[in-house]
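Below is one structure, written out as structure tokens; comments come after it.
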Amino acid sequence: MTTRDLEVAHGGIPVGKEGIYSQQPILSARKLVITFGRVVGLDGVDLDLYPGEILAVIGDNGAGKSTLIKCLTGAYIPDSGEILMNGQPVHFRKPQDARMAGIETVYQQLAVVPALDIASNLYLAREERRKGPLGSVFRMLDKKGMERRAGQAIQRLGIQTIQNMGQAVETLSGGQRQAVAVARAAAFGSKVVVLDEPTAALGVKESGMVLEMIKQLRDGGLSIILISHNMPHVWEVADRIHIQRLGALAGVITPQSHDMGEGVAIMTGAKRLAPSA
Ligand SMILES: Nc1ncnc2c1ncn2[C@@H]1O[C@H](COP(=O)(O)OP(=O)(O)O)[C@@H](O)[C@H]1O
Ligand SMILES: [Mg+2]
């Protein structure tokens with residue numbers, strides 16, 4: 001076997017979407033490094049996320065996927081490297097900073113508060129007060145308004161199975177709960193939504209619903225980072241696929257340029273991308 005047998009071609013950009021990739025990335029990382037004692041979490045990672053794309057991030061356990069998105073969303077502060085939004089350097093000290101900049105994150109665990117109703121979950125930590133002194137002096141919440149707008153947000157995302165915004169989230173199915181979490185992330189003028197394994201705990205039908213929703217958000221202009229172990233899901237929805245390996249970027253491919261087998265081979269180190277011409 002020659003070296004060539006171990007190499008696969010570069011991924012390039014998705015066919016038919018050249019317009020998107022001629023723009024400036026909305027979010028970029030340059031040479032991100034973070035260590036935890038003697039463990040290297042990220043070893044100089046670059047990432048680009050373009051407006052209106054779904055960028056999947058794949059990699060084996062410990063490859064640095066979660067660490068990468070934690071750096072991008074203010075949960076970790078990298079030791080070195082740069083994060084840029086629309087080409088401008090940003091310095092997130094805490095998740096709230098990233099959120100203010102329009103980056104929302106949905107984690108697999110604890111995405112919603114089960115005992116609260118749907119509208120309250122959507123407005124968690126950003127409740128809207130009633131207009132006038134009732135809101136400003138008596139701190140009364142605009143519950144009716146929040147329910148109405150929550151209903152509109154859910155409707156826009158096509159989750160028709162949810163009828164009543166006053167329904168407690170604990171009475172919803174896993175897929176519906178995750179849909180509420182994604183709707184919440186997408187509902188407040190966010191530009192970037194980061195999803196860490198959003199379908200990991202869901203059945204086939206529910207995963208399908210959440211994937212549809214993710215595509216709709218992308219088609220509405222949001223930029224999405226999707227971390228997933230589920231290769232069929234990734235190949236179904238991703239525009240491009242960022243492959244992490246041992247804390248470093250192994251390469252970026254597209255579902256058209258490489259099949260799942262090749263993607264997994266790059267992920268495990270069985271194959272590598274040929275040096276670019
Ligand atoms: N807070 C932390 N403290 C110590 N080590 C960490 C911490 N966060 C991540 N790591 C280490 O960094 C590496 C990358 O982890 P992670 O980003 O969680 O991988 P992935 O999400 O791809 O499975 C692993 O070796 C992990 O043990
Ligand atoms: Mg992880």
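Labels for the structure tokens follow display order: chains A, B, ..., residues from 1 in each chain, ligands from 1.
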If we count only C-alpha atoms and set the cut-off at 12 Å, which residues sit around A:Ala201, ignoring sequence neighbours fewer than 4 positions away in its own chain? Please answer as a PyMOL selection string.
chain A and resi 107-109+173-178+196-197+205-207+210+228-230
Could those residues be written to a file, using N, CA and C atoms, as a compact mmCIF listing (two decimals), in the first residue's frame?
```
# COMPACT_ATOMS: atom_id res chain seq x y z
N TYR A 107 -27.41 22.31 24.68
CA TYR A 107 -26.68 21.12 25.11
C TYR A 107 -27.65 19.96 25.18
N GLN A 108 -27.08 18.76 25.08
CA GLN A 108 -27.90 17.56 25.12
C GLN A 108 -28.63 17.45 26.45
N GLN A 109 -27.93 17.75 27.53
CA GLN A 109 -28.53 17.64 28.85
C GLN A 109 -29.13 18.99 29.25
N SER A 173 -43.06 14.80 24.60
CA SER A 173 -42.14 13.71 24.25
C SER A 173 -40.72 14.28 24.18
N GLY A 174 -39.73 13.39 24.16
CA GLY A 174 -38.33 13.82 24.09
C GLY A 174 -38.07 14.71 22.88
N GLY A 175 -38.64 14.33 21.77
CA GLY A 175 -38.44 15.10 20.54
C GLY A 175 -39.06 16.48 20.63
N GLN A 176 -40.24 16.54 21.22
CA GLN A 176 -40.90 17.84 21.39
C GLN A 176 -40.10 18.73 22.34
N ARG A 177 -39.57 18.11 23.40
CA ARG A 177 -38.75 18.89 24.35
C ARG A 177 -37.53 19.47 23.64
N GLN A 178 -36.88 18.63 22.87
CA GLN A 178 -35.69 19.10 22.17
C GLN A 178 -36.07 20.18 21.17
N ASP A 196 -25.18 20.55 20.49
CA ASP A 196 -24.27 19.45 20.87
C ASP A 196 -25.11 18.18 21.01
N GLU A 197 -25.03 17.31 20.03
CA GLU A 197 -25.74 16.02 20.04
C GLU A 197 -27.25 16.17 20.28
N LYS A 205 -38.28 8.78 14.63
CA LYS A 205 -39.27 9.76 14.17
C LYS A 205 -38.97 11.13 14.77
N GLU A 206 -38.63 11.14 16.06
CA GLU A 206 -38.34 12.40 16.75
C GLU A 206 -37.07 13.04 16.21
N SER A 207 -36.07 12.23 15.94
CA SER A 207 -34.84 12.77 15.35
C SER A 207 -35.16 13.43 14.03
N VAL A 210 -36.57 16.87 14.59
CA VAL A 210 -35.57 17.86 15.00
C VAL A 210 -34.64 18.21 13.82
N SER A 228 -22.41 15.84 16.17
CA SER A 228 -23.18 14.60 16.18
C SER A 228 -22.28 13.39 15.97
N HIS A 229 -22.69 12.29 16.60
CA HIS A 229 -22.04 11.00 16.38
C HIS A 229 -22.79 10.21 15.32
N ASN A 230 -23.95 10.73 14.94
CA ASN A 230 -24.81 9.96 14.04
C ASN A 230 -24.49 10.31 12.59
```
Which residues are near ligand 2 in this structure, taking near to mean any atom at most 12 Å from a ligand atom and counting only C-alpha atoms and all ligand atoms? Format them as a ChimeraX atom specification.
/A:41,57-70,107-109,195-198,200,226-229,244,247
Closest to A:Gly220 among A:Ile118, A:Ile243, A:Ala238, A:Ile54, using only C-alpha atoms?
A:Ile54
What separation in Å, quoted to one decimal, exists between atom CA of A:Ile253 and atom CA of A:Ala181?
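Result for atom CA of A:Ile253 versus atom CA of A:Ala181: 28.4 Å, one decimal.
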Which of A:Ala168, A:Val90, A:Leu246, A:Leu72 sits closest to ligand 1 [using only C-alpha atoms and all ligand atoms]:
A:Leu246
